[in-house]
Every structure is written in structure tokens, then in C-alpha cells.
Amino acid sequence: MRQQDHQTGMLAEADEWRARDLSVLWHPCTQMREHPHTLPLVPIARGEGAWLVGHDGTRYLDAVSSWWTNLFGHAEPRIGAAIAAQAQSLEQVMLAGFTHAPAVELAERLLAIAPRQPGRAPLAKVFYADNGSAGVEVALKMAFHWFHNRGEHRRTKFIALENGYHGETLGALAVGDIPLYRRVYAPLLTEALFAPSPDAYLAQPGESPAECAKRAADALATLLEQHPGEVCAVIVEPRVQCAGGMRMHHPDYLTRVRELCNAHGAFLIADEIAVGFGRTGTLFASEQSGVMPDLLCLSKGLTGGFLPLAAVLATQALYEGFLDDSRERAFLHSHSYTGNPLACAAALASLEIFRADDVLARNRVTARAMATLAEPLATHRHVADVRQAGMMLAFELTQDGDKATPFPTTARIGLKAYRAALARGVVLRPLGDVLYWMPPYCVDEDALQLLADVTRHAIDEATSCA
């Protein structure tokens, strides 16, 4: 009886948190009218490794790493200890006119591990921001302002990819191409140029991923030729267009983009906010193309998922383009919490875990296990594609298991699958009708087996009337 009373109390506590939440909070990326009935609201009390624990005691496997931020598991003690220790000495100081050890040490570490390319001077400077979208804003402004300082005032255009996503602040949204996010704000956005995506899912019959990437790169070359001296930067998500449905492309594409940027005098911005820090199998996705960008945007996993922080890595040549006696030629972009000591301490601890635990080697083993578990789902009658890049694996759901017959948006198959998975203790938040696995790196074999079993059940339940 005592156990039953305890469970009843926990359920009541969860209900109380739901009610309190809905009376005061406006949630991100949510149609609030869907709460609490269409879309379950889950009050979380704590995290434990790859798991989230609700106020009612239910455990949920965090298969999407809490929006792709968590690398090593929730409540990872080494990162928590680093933050606690830093909080005892310095919690915040403005980074204009001041500096501190965590910001300096983190910049040194990031530059030491950043992608390199033979024949190119390495990335040499780090500019901090508060989150991924803000980091993209920094990179876009730097690229434009550098040419402005040189008197190249025609270079005002950015080239981005169709189906790409770089954040939801206005500058970042302007170089995004997902209608759900940008359509209503279009009148507020600067005009970007969009090149065809190298997405291998869009390959023509008989076309390999590499050939698909070449075709897209040829189209980018044509676009650059049509706007000579007008483009200041090309921005790309290397290897995976994440918010665009985890669509993946061949590494050859970025190699060609680097060559085209060189030929046309434009900067290459690599948005590795989601794909960096081991997600695609290498520390940075750009490494798989043998490419070093001019501007590298990092966030999400930078702090292991503990605190918001972004870093934009730039070349020395780009940095020197702002050195002048005039303040107007300086880069005056700022955030109140730029280079926050607590966030930098978390990031330093995260990078130390990569070194101490040989994370990338362990991830290769986990990625192979994920591939093996996902393989049977490839023959499911509603799965058109199973694709993987390291610790990222996605399932494209369609009516007949082929690319030509997507589900109508009104069917809301992804949402149905999400609810079905959540009822069985797995967070499998969809991107449209794409389900994906992007678990914390500490996920074990039992959790992966549960993930595979629940994914199959969720697909079956969501498509049962299709």
C-alpha cells in the first residue's frame, strides 16, 4: 500500500508540474494549442547518463541527445565538477577589455584540434557567442564586413543550400531554406542565393552519392559564375543537413565547395553546430573532406550539453582585415555572456573527456552496433531509406516505402511515431516523417536494443492505418 501511495504521489507531482508549466511557459518549436492533449508534455526531474527521469518516475531513453547537445550523458560528473569549481572563483566577467583563463585555454584547445588543410594557414582566432544561431550571425557578419573593409562593396550575397538550416535569428534564418521556419518571416530577411542540395536521397536513378554531390557542386559553380564579385561567403552544413530531415551527402561535395570558394574569392563557412564533436564519426565533419573552412561555427556539444556556448573559429587573414585605427572597421558584435567562464570550463572538461576516454574509437563500435540494429528496419514497408553518418542514423518514412510516395502532411506520421515511442520510454522526436537516432555517446547495448525495438513498434503503430 505504501508503494502505491508513493506512485500516486509521483503522478500527482507530475500533473502539478504540467499545470504550472502551461500557466506560465511558452515552449520552443511548439504549437502550444497541442498541449496537453495532442502533444504530451513530460515533466523531467533529473537525468542519468543516456536517460531522462520524469517526476512520475518514468525513464526515457534520450535518443536525440536533448536536441543534439548532450555528448556524454546527463549529469556527467566530470563536467559538473568543472562547472562547480569554476563557480567558486569566477562566474562571469565581460570579455570586452578583460580576459580569463577558461576563455583563453578553450580557444587554445579548439584551435589545436580544428580541421587543417595542407597549403592553407590554420584557423587562428576564436570569437565566442551565446548559442548556435548567434554563432552563425557572427560568421555571416564577419564575412560581409571583411569585404566591406576592403572596399569590395558589391560582395553582399551569401550562398546557402536548399533544405539547409542554420538557426532562427533573422540573419541565420535568411540563409536557411526550410519553409516551416522562414516563410512567415520572409519579408524581414535579407536575400540569399540557394544552390541545389547534394542530398544523396535526391540522387537520380543509378546515380551514386558521389555523382549526386558532383552534380550539385556543378550547379553551385554555375551560380557563382552568374554572380561574379558579389558573393562574400558560401555556408554549408558538412555531411548532414540536420533539421532538413537528417539528409546526408558525400564528403566530396565540401571538397569541391572549398575549391570553388577559392576560385571565386569567397569565404567558406562550415556550420558544424550539430555535426561537430564526433557526431559524424570524426571530431569534425569537415575532416572527412580534407577541408578547412575560413569560418567554423561550433555550439551544441561544445560544452557536452551542459551550458549554452558557441565559438566561431576564423583565419588570421580574416582577423587582420578588422585591424585599424577606426572603430568602425572593428568587429563590434557582442553578447553580454560572451566567453562565460562557467560555459568555457564545461567545454574544457568536455574536450578532456574526448582525450581521456578515446571517445571516437568507442563511438565507432557504437555506430556499428546501431547500423546492425537498424538493418532489419530497412525492409519495413514504410521505410524508404535508412542512412547513417557515424552516431547519426535516420529513417525516412513514406506510404509505400519508396521516395515517390511521401505521406500527406495531414497524416502526421512522425508525431504519431513520437507518441508511440514516448509511451514506451524512448524520446524519438521526429523531423517531419523522419525518425532518427542521435543518442549520447554513453548509450549501452541494452539501450540500443530497446531503441531498435521501440522504433519498429513506433513505425508500425504510426502507419497502421496507412
# chains A, B, ... in the order shown; residues from 1 in each chain; ligands from 1

$ residues_around --residues "segment 203-214 of chain A" --least-positions-apart "5" --cutoff "9 Å" --atoms "only C-alpha atoms" --output "PDB file with all heavy atoms, in the first residue's frame"
ATOM      1  N   SER A 197      20.831  21.169 -53.156  1.00  0.00           N
ATOM      2  CA  SER A 197      21.439  20.352 -52.107  1.00  0.00           C
ATOM      3  C   SER A 197      22.131  19.132 -52.716  1.00  0.00           C
ATOM      4  O   SER A 197      21.630  18.546 -53.682  1.00  0.00           O
ATOM      5  CB  SER A 197      20.371  19.889 -51.124  1.00  0.00           C
ATOM      6  OG  SER A 197      20.899  18.933 -50.231  1.00  0.00           O
ATOM      7  N   PRO A 198      23.251  18.716 -52.146  1.00  0.00           N
ATOM      8  CA  PRO A 198      23.909  17.484 -52.599  1.00  0.00           C
ATOM      9  C   PRO A 198      23.301  16.229 -51.972  1.00  0.00           C
ATOM     10  O   PRO A 198      23.861  15.133 -52.090  1.00  0.00           O
ATOM     11  CB  PRO A 198      25.355  17.680 -52.124  1.00  0.00           C
ATOM     12  CG  PRO A 198      25.217  18.501 -50.877  1.00  0.00           C
ATOM     13  CD  PRO A 198      24.060  19.428 -51.133  1.00  0.00           C
ATOM     14  N   ALA A 219      26.251  22.745 -60.108  1.00  0.00           N
ATOM     15  CA  ALA A 219      25.218  23.781 -60.061  1.00  0.00           C
ATOM     16  C   ALA A 219      25.682  24.966 -59.216  1.00  0.00           C
ATOM     17  O   ALA A 219      25.399  26.124 -59.544  1.00  0.00           O
ATOM     18  CB  ALA A 219      23.927  23.199 -59.491  1.00  0.00           C
ATOM     19  N   HIS A 249      25.075  13.749 -47.332  1.00  0.00           N
ATOM     20  CA  HIS A 249      25.709  13.841 -48.644  1.00  0.00           C
ATOM     21  C   HIS A 249      27.163  13.382 -48.574  1.00  0.00           C
ATOM     22  O   HIS A 249      27.758  13.271 -47.502  1.00  0.00           O
ATOM     23  CB  HIS A 249      25.615  15.267 -49.199  1.00  0.00           C
ATOM     24  CG  HIS A 249      26.189  16.325 -48.312  1.00  0.00           C
ATOM     25  ND1 HIS A 249      25.429  17.060 -47.433  1.00  0.00           N
ATOM     26  CD2 HIS A 249      27.454  16.795 -48.153  1.00  0.00           C
ATOM     27  CE1 HIS A 249      26.179  17.922 -46.791  1.00  0.00           C
ATOM     28  NE2 HIS A 249      27.427  17.779 -47.220  1.00  0.00           N
ATOM     29  N   HIS A 250      27.711  13.137 -49.750  1.00  0.00           N
ATOM     30  CA  HIS A 250      29.070  12.606 -49.868  1.00  0.00           C
ATOM     31  C   HIS A 250      30.089  13.680 -49.504  1.00  0.00           C
ATOM     32  O   HIS A 250      29.929  14.858 -49.846  1.00  0.00           O
ATOM     33  CB  HIS A 250      29.299  12.120 -51.307  1.00  0.00           C
ATOM     34  CG  HIS A 250      30.489  11.239 -51.458  1.00  0.00           C
ATOM     35  ND1 HIS A 250      31.774  11.737 -51.593  1.00  0.00           N
ATOM     36  CD2 HIS A 250      30.601   9.879 -51.492  1.00  0.00           C
ATOM     37  CE1 HIS A 250      32.614  10.741 -51.709  1.00  0.00           C
ATOM     38  NE2 HIS A 250      31.938   9.596 -51.648  1.00  0.00           N
ATOM     39  N   PRO A 251      31.197  13.295 -48.827  1.00  0.00           N
ATOM     40  CA  PRO A 251      32.220  14.284 -48.457  1.00  0.00           C
ATOM     41  C   PRO A 251      32.847  15.015 -49.640  1.00  0.00           C
ATOM     42  O   PRO A 251      33.389  16.116 -49.464  1.00  0.00           O
ATOM     43  CB  PRO A 251      33.268  13.436 -47.723  1.00  0.00           C
ATOM     44  CG  PRO A 251      32.521  12.248 -47.216  1.00  0.00           C
ATOM     45  CD  PRO A 251      31.470  11.967 -48.247  1.00  0.00           C
ATOM     46  N   ASP A 252      32.786  14.436 -50.832  1.00  0.00           N
ATOM     47  CA  ASP A 252      33.363  15.100 -51.999  1.00  0.00           C
ATOM     48  C   ASP A 252      32.750  16.479 -52.232  1.00  0.00           C
ATOM     49  O   ASP A 252      33.401  17.356 -52.815  1.00  0.00           O
ATOM     50  CB  ASP A 252      33.153  14.249 -53.265  1.00  0.00           C
ATOM     51  CG  ASP A 252      34.104  13.060 -53.334  1.00  0.00           C
ATOM     52  OD1 ASP A 252      34.958  12.934 -52.433  1.00  0.00           O
ATOM     53  OD2 ASP A 252      33.977  12.260 -54.277  1.00  0.00           O
ATOM     54  N   TYR A 253      31.511  16.651 -51.799  1.00  0.00           N
ATOM     55  CA  TYR A 253      30.850  17.929 -52.056  1.00  0.00           C
ATOM     56  C   TYR A 253      31.609  19.079 -51.396  1.00  0.00           C
ATOM     57  O   TYR A 253      31.882  20.097 -52.044  1.00  0.00           O
ATOM     58  CB  TYR A 253      29.406  17.907 -51.566  1.00  0.00           C
ATOM     59  CG  TYR A 253      28.679  19.200 -51.849  1.00  0.00           C
ATOM     60  CD1 TYR A 253      28.274  19.523 -53.138  1.00  0.00           C
ATOM     61  CD2 TYR A 253      28.428  20.117 -50.836  1.00  0.00           C
ATOM     62  CE1 TYR A 253      27.634  20.726 -53.422  1.00  0.00           C
ATOM     63  CE2 TYR A 253      27.781  21.319 -51.103  1.00  0.00           C
ATOM     64  CZ  TYR A 253      27.383  21.615 -52.396  1.00  0.00           C
ATOM     65  OH  TYR A 253      26.766  22.808 -52.668  1.00  0.00           O
ATOM     66  N   LEU A 254      31.947  18.940 -50.135  1.00  0.00           N
ATOM     67  CA  LEU A 254      32.629  20.025 -49.437  1.00  0.00           C
ATOM     68  C   LEU A 254      34.013  20.275 -50.026  1.00  0.00           C
ATOM     69  O   LEU A 254      34.475  21.416 -50.077  1.00  0.00           O
ATOM     70  CB  LEU A 254      32.730  19.725 -47.945  1.00  0.00           C
ATOM     71  CG  LEU A 254      33.130  20.911 -47.063  1.00  0.00           C
ATOM     72  CD1 LEU A 254      32.065  21.990 -47.088  1.00  0.00           C
ATOM     73  CD2 LEU A 254      33.387  20.458 -45.628  1.00  0.00           C
ATOM     74  N   ARG A 256      34.805  20.072 -53.143  1.00  0.00           N
ATOM     75  CA  ARG A 256      34.570  20.898 -54.335  1.00  0.00           C
ATOM     76  C   ARG A 256      34.164  22.318 -53.944  1.00  0.00           C
ATOM     77  O   ARG A 256      34.562  23.289 -54.599  1.00  0.00           O
ATOM     78  CB  ARG A 256      33.491  20.242 -55.197  1.00  0.00           C
ATOM     79  CG  ARG A 256      33.218  20.980 -56.490  1.00  0.00           C
ATOM     80  CD  ARG A 256      34.268  20.724 -57.564  1.00  0.00           C
ATOM     81  NE  ARG A 256      33.994  21.548 -58.739  1.00  0.00           N
ATOM     82  CZ  ARG A 256      33.047  21.286 -59.644  1.00  0.00           C
ATOM     83  NH1 ARG A 256      32.277  20.213 -59.509  1.00  0.00           N
ATOM     84  NH2 ARG A 256      32.864  22.075 -60.672  1.00  0.00           N
TER      85      ARG A 256
END

$ select_by_dssp --residues "segment 233-390 of chain A" --states "alpha helix (DSSP H)" --output "number ranges by chain"
A: 252-264, 316-320, 341-357, 359-374

$ residues_around --residues "Gly164 of chain A" --least-positions-apart "3" --cutoff "7 Å" --atoms "only C-alpha atoms" --output "PyMOL selection string"
chain A and resi 161+176-178+241+244

$ select_by_dssp --residues "segment 256-448 of chain A" --states "strand (DSSP E)" --output "PyMOL selection string"
chain A and resi 267-271+295-298+310-315+383-389+392-397+426-427+434-437

$ write_last_selection --atoms "N, CA and C atoms" --output "mmCIF file, in the first residue's frame"
data_model
loop_
_atom_site.group_PDB
_atom_site.id
_atom_site.type_symbol
_atom_site.label_atom_id
_atom_site.label_comp_id
_atom_site.auth_asym_id
_atom_site.auth_seq_id
_atom_site.Cartn_x
_atom_site.Cartn_y
_atom_site.Cartn_z
ATOM 1 N N PHE A 267 34.464 33.362 -48.997
ATOM 2 C CA PHE A 267 34.761 32.588 -47.800
ATOM 3 C C PHE A 267 33.888 31.331 -47.751
ATOM 4 N N LEU A 268 34.411 30.299 -47.119
ATOM 5 C CA LEU A 268 33.638 29.095 -46.835
ATOM 6 C C LEU A 268 33.327 29.066 -45.345
ATOM 7 N N ILE A 269 32.041 29.049 -45.015
ATOM 8 C CA ILE A 269 31.581 28.933 -43.628
ATOM 9 C C ILE A 269 31.073 27.509 -43.427
ATOM 10 N N ALA A 270 31.683 26.788 -42.497
ATOM 11 C CA ALA A 270 31.230 25.442 -42.147
ATOM 12 C C ALA A 270 30.413 25.525 -40.865
ATOM 13 N N ASP A 271 29.142 25.230 -40.972
ATOM 14 C CA ASP A 271 28.256 25.201 -39.810
ATOM 15 C C ASP A 271 28.293 23.791 -39.231
ATOM 16 N N LEU A 295 35.708 30.017 -41.821
ATOM 17 C CA LEU A 295 34.983 30.258 -40.587
ATOM 18 C C LEU A 295 34.303 28.958 -40.170
ATOM 19 N N LEU A 296 34.537 28.538 -38.943
ATOM 20 C CA LEU A 296 33.980 27.288 -38.429
ATOM 21 C C LEU A 296 33.079 27.614 -37.244
ATOM 22 N N CYS A 297 31.792 27.269 -37.356
ATOM 23 C CA CYS A 297 30.815 27.555 -36.304
ATOM 24 C C CYS A 297 30.577 26.310 -35.455
ATOM 25 N N LEU A 298 30.751 26.454 -34.143
ATOM 26 C CA LEU A 298 30.583 25.349 -33.201
ATOM 27 C C LEU A 298 29.635 25.755 -32.082
ATOM 28 N N ALA A 310 28.801 29.182 -27.929
ATOM 29 C CA ALA A 310 29.188 28.989 -29.325
ATOM 30 C C ALA A 310 30.572 29.559 -29.527
ATOM 31 N N ALA A 311 31.275 29.000 -30.487
ATOM 32 C CA ALA A 311 32.594 29.500 -30.850
ATOM 33 C C ALA A 311 32.681 29.567 -32.365
ATOM 34 N N VAL A 312 33.189 30.677 -32.866
ATOM 35 C CA VAL A 312 33.437 30.838 -34.298
ATOM 36 C C VAL A 312 34.938 30.950 -34.485
ATOM 37 N N LEU A 313 35.511 29.995 -35.201
ATOM 38 C CA LEU A 313 36.950 29.970 -35.451
ATOM 39 C C LEU A 313 37.224 30.605 -36.805
ATOM 40 N N ALA A 314 38.192 31.515 -36.838
ATOM 41 C CA ALA A 314 38.475 32.281 -38.056
ATOM 42 C C ALA A 314 39.957 32.225 -38.391
ATOM 43 N N THR A 315 40.271 32.486 -39.647
ATOM 44 C CA THR A 315 41.666 32.527 -40.080
ATOM 45 C C THR A 315 42.325 33.830 -39.620
ATOM 46 N N VAL A 383 9.477 2.192 -44.830
ATOM 47 C CA VAL A 383 10.790 2.830 -44.706
ATOM 48 C C VAL A 383 11.421 2.931 -46.091
ATOM 49 N N ALA A 384 11.580 4.155 -46.573
ATOM 50 C CA ALA A 384 12.143 4.372 -47.906
ATOM 51 C C ALA A 384 13.652 4.447 -47.884
ATOM 52 N N ASP A 385 14.233 4.785 -46.733
ATOM 53 C CA ASP A 385 15.686 4.960 -46.685
ATOM 54 C C ASP A 385 16.156 4.863 -45.245
ATOM 55 N N VAL A 386 17.267 4.174 -45.059
ATOM 56 C CA VAL A 386 17.991 4.186 -43.779
ATOM 57 C C VAL A 386 19.377 4.714 -44.092
ATOM 58 N N ARG A 387 19.777 5.791 -43.443
ATOM 59 C CA ARG A 387 21.064 6.417 -43.730
ATOM 60 C C ARG A 387 21.791 6.698 -42.414
ATOM 61 N N GLN A 388 23.119 6.718 -42.516
ATOM 62 C CA GLN A 388 23.918 6.865 -41.300
ATOM 63 C C GLN A 388 25.189 7.631 -41.588
ATOM 64 N N ALA A 389 25.561 8.477 -40.643
ATOM 65 C CA ALA A 389 26.869 9.132 -40.619
ATOM 66 C C ALA A 389 27.353 9.058 -39.180
ATOM 67 N N MET A 392 24.896 9.242 -36.101
ATOM 68 C CA MET A 392 23.627 9.791 -36.564
ATOM 69 C C MET A 392 23.019 8.803 -37.557
ATOM 70 N N LEU A 393 21.785 8.386 -37.289
ATOM 71 C CA LEU A 393 21.135 7.396 -38.146
ATOM 72 C C LEU A 393 19.675 7.795 -38.303
ATOM 73 N N ALA A 394 19.174 7.746 -39.542
ATOM 74 C CA ALA A 394 17.822 8.247 -39.812
ATOM 75 C C ALA A 394 17.020 7.265 -40.650
ATOM 76 N N PHE A 395 15.691 7.320 -40.445
ATOM 77 C CA PHE A 395 14.730 6.505 -41.180
ATOM 78 C C PHE A 395 13.743 7.430 -41.880
ATOM 79 N N GLU A 396 13.652 7.319 -43.192
ATOM 80 C CA GLU A 396 12.714 8.123 -43.981
ATOM 81 C C GLU A 396 11.446 7.302 -44.177
ATOM 82 N N LEU A 397 10.323 7.797 -43.667
ATOM 83 C CA LEU A 397 9.063 7.067 -43.735
ATOM 84 C C LEU A 397 8.205 7.582 -44.885
ATOM 85 N N VAL A 426 11.016 5.964 -24.850
ATOM 86 C CA VAL A 426 12.079 6.419 -25.752
ATOM 87 C C VAL A 426 11.691 7.771 -26.339
ATOM 88 N N VAL A 427 12.608 8.729 -26.264
ATOM 89 C CA VAL A 427 12.392 10.044 -26.886
ATOM 90 C C VAL A 427 12.881 9.948 -28.326
ATOM 91 N N VAL A 434 10.603 11.877 -40.670
ATOM 92 C CA VAL A 434 11.921 11.253 -40.497
ATOM 93 C C VAL A 434 12.150 11.004 -39.017
ATOM 94 N N LEU A 435 12.402 9.750 -38.677
ATOM 95 C CA LEU A 435 12.806 9.403 -37.321
ATOM 96 C C LEU A 435 14.319 9.231 -37.320
ATOM 97 N N TYR A 436 14.952 9.573 -36.225
ATOM 98 C CA TYR A 436 16.407 9.466 -36.211
ATOM 99 C C TYR A 436 16.923 9.088 -34.835
ATOM 100 N N TRP A 437 18.107 8.478 -34.859
ATOM 101 C CA TRP A 437 18.833 8.142 -33.633
ATOM 102 C C TRP A 437 20.069 9.033 -33.556
#

$ residues_around --residues "Ala411 of chain A" --least-positions-apart "6" --cutoff "12 Å" --atoms "only C-alpha atoms" --output "short mmCIF file (atom, residue, chain, number, x, y, z; two decimals) with C-alpha atoms, in the first residue's frame"
data_model
loop_
_atom_site.label_atom_id
_atom_site.label_comp_id
_atom_site.auth_asym_id
_atom_site.auth_seq_id
_atom_site.Cartn_x
_atom_site.Cartn_y
_atom_site.Cartn_z
CA LEU A 397 9.06 7.07 -43.74
CA THR A 398 6.81 7.03 -46.82
CA GLN A 399 3.50 5.46 -47.77
CA ALA A 417 5.53 7.65 -34.05
CA GLY A 432 8.56 15.66 -40.26
CA ASP A 433 8.26 11.98 -41.19
CA ALA A 462 2.06 5.23 -36.67
CA THR A 463 1.48 3.64 -40.07
CA SER A 464 -1.11 1.05 -39.07
CA CYS A 465 -3.90 2.85 -40.93
CA ALA A 466 -1.75 3.93 -43.89
#

$ residues_around --residues "Gly265 of chain A" --least-positions-apart "6" --cutoff "9 Å" --atoms "only C-alpha atoms" --output "PyMOL selection string"
chain A and resi 229+231-233

$ closest_residue --among "A:His166, A:His55, A:His153, A:His227" --to "Leu193 of chain A" --atoms "only C-alpha atoms"
A:His227

$ decode --residues "segment 341-353 of chain A" --atoms "all heavy atoms" --output "CSV table (one decimal), in the first residue's frame"
chain,number,residue,atom,x,y,z
A,341,PRO,N,32.8,32.2,-18.2
A,341,PRO,CA,33.8,31.3,-17.6
A,341,PRO,C,33.2,29.9,-17.3
A,341,PRO,O,33.9,28.9,-17.4
A,341,PRO,CB,34.2,32.0,-16.3
A,341,PRO,CG,34.0,33.5,-16.6
A,341,PRO,CD,32.8,33.5,-17.5
A,342,LEU,N,31.9,29.9,-16.8
A,342,LEU,CA,31.3,28.6,-16.5
A,342,LEU,C,31.1,27.7,-17.7
A,342,LEU,O,31.4,26.5,-17.7
A,342,LEU,CB,30.0,28.8,-15.8
A,342,LEU,CG,29.9,29.6,-14.5
A,342,LEU,CD1,28.5,29.8,-14.0
A,342,LEU,CD2,30.8,28.9,-13.5
A,343,ALA,N,30.7,28.3,-18.8
A,343,ALA,CA,30.5,27.6,-20.1
A,343,ALA,C,31.8,27.1,-20.6
A,343,ALA,O,32.0,26.0,-21.1
A,343,ALA,CB,29.7,28.4,-21.1
A,344,CYS,N,32.8,28.0,-20.6
A,344,CYS,CA,34.2,27.6,-21.0
A,344,CYS,C,34.8,26.5,-20.2
A,344,CYS,O,35.4,25.6,-20.8
A,344,CYS,CB,35.1,28.9,-21.0
A,344,CYS,SG,34.7,30.1,-22.3
A,345,ALA,N,34.5,26.5,-18.9
A,345,ALA,CA,35.0,25.4,-18.1
A,345,ALA,C,34.3,24.1,-18.4
A,345,ALA,O,35.0,23.1,-18.5
A,345,ALA,CB,34.7,25.8,-16.6
A,346,ALA,N,33.0,24.2,-18.7
A,346,ALA,CA,32.3,23.0,-19.2
A,346,ALA,C,32.9,22.4,-20.5
A,346,ALA,O,33.1,21.2,-20.7
A,346,ALA,CB,30.8,23.3,-19.3
A,347,ALA,N,33.2,23.3,-21.4
A,347,ALA,CA,33.8,22.9,-22.7
A,347,ALA,C,35.1,22.3,-22.5
A,347,ALA,O,35.5,21.3,-23.2
A,347,ALA,CB,33.8,24.1,-23.7
A,348,LEU,N,36.0,22.9,-21.7
A,348,LEU,CA,37.3,22.3,-21.4
A,348,LEU,C,37.2,20.9,-20.9
A,348,LEU,O,37.9,20.0,-21.2
A,348,LEU,CB,38.1,23.2,-20.5
A,348,LEU,CG,38.6,24.5,-21.1
A,348,LEU,CD1,39.1,25.5,-20.0
A,348,LEU,CD2,39.8,24.2,-22.0
A,349,ALA,N,36.2,20.7,-19.9
A,349,ALA,CA,36.0,19.4,-19.4
A,349,ALA,C,35.5,18.4,-20.4
A,349,ALA,O,36.0,17.2,-20.5
A,349,ALA,CB,35.0,19.5,-18.2
A,350,SER,N,34.7,18.9,-21.3
A,350,SER,CA,34.2,18.0,-22.4
A,350,SER,C,35.3,17.6,-23.3
A,350,SER,O,35.5,16.4,-23.7
A,350,SER,CB,33.1,18.8,-23.2
A,350,SER,OG,32.7,18.0,-24.3
A,351,LEU,N,36.2,18.5,-23.7
A,351,LEU,CA,37.4,18.2,-24.5
A,351,LEU,C,38.3,17.2,-23.8
A,351,LEU,O,38.9,16.3,-24.5
A,351,LEU,CB,38.1,19.4,-25.0
A,351,LEU,CG,37.3,20.4,-25.9
A,351,LEU,CD1,38.2,21.6,-26.2
A,351,LEU,CD2,36.8,19.7,-27.1
A,352,GLU,N,38.4,17.3,-22.5
A,352,GLU,CA,39.3,16.4,-21.8
A,352,GLU,C,38.7,15.0,-21.8
A,352,GLU,O,39.5,14.0,-21.8
A,352,GLU,CB,39.5,16.9,-20.3
A,352,GLU,CG,40.3,16.0,-19.4
A,352,GLU,CD,41.7,15.8,-20.0
A,352,GLU,OE1,42.2,16.6,-20.8
A,352,GLU,OE2,42.3,14.7,-19.6
A,353,ILE,N,37.4,14.9,-21.8
A,353,ILE,CA,36.8,13.6,-21.8
A,353,ILE,C,37.1,12.9,-23.2
A,353,ILE,O,37.4,11.7,-23.3
A,353,ILE,CB,35.3,13.7,-21.6
A,353,ILE,CG1,35.0,14.0,-20.1
A,353,ILE,CG2,34.6,12.4,-21.9
A,353,ILE,CD1,33.5,14.4,-19.8
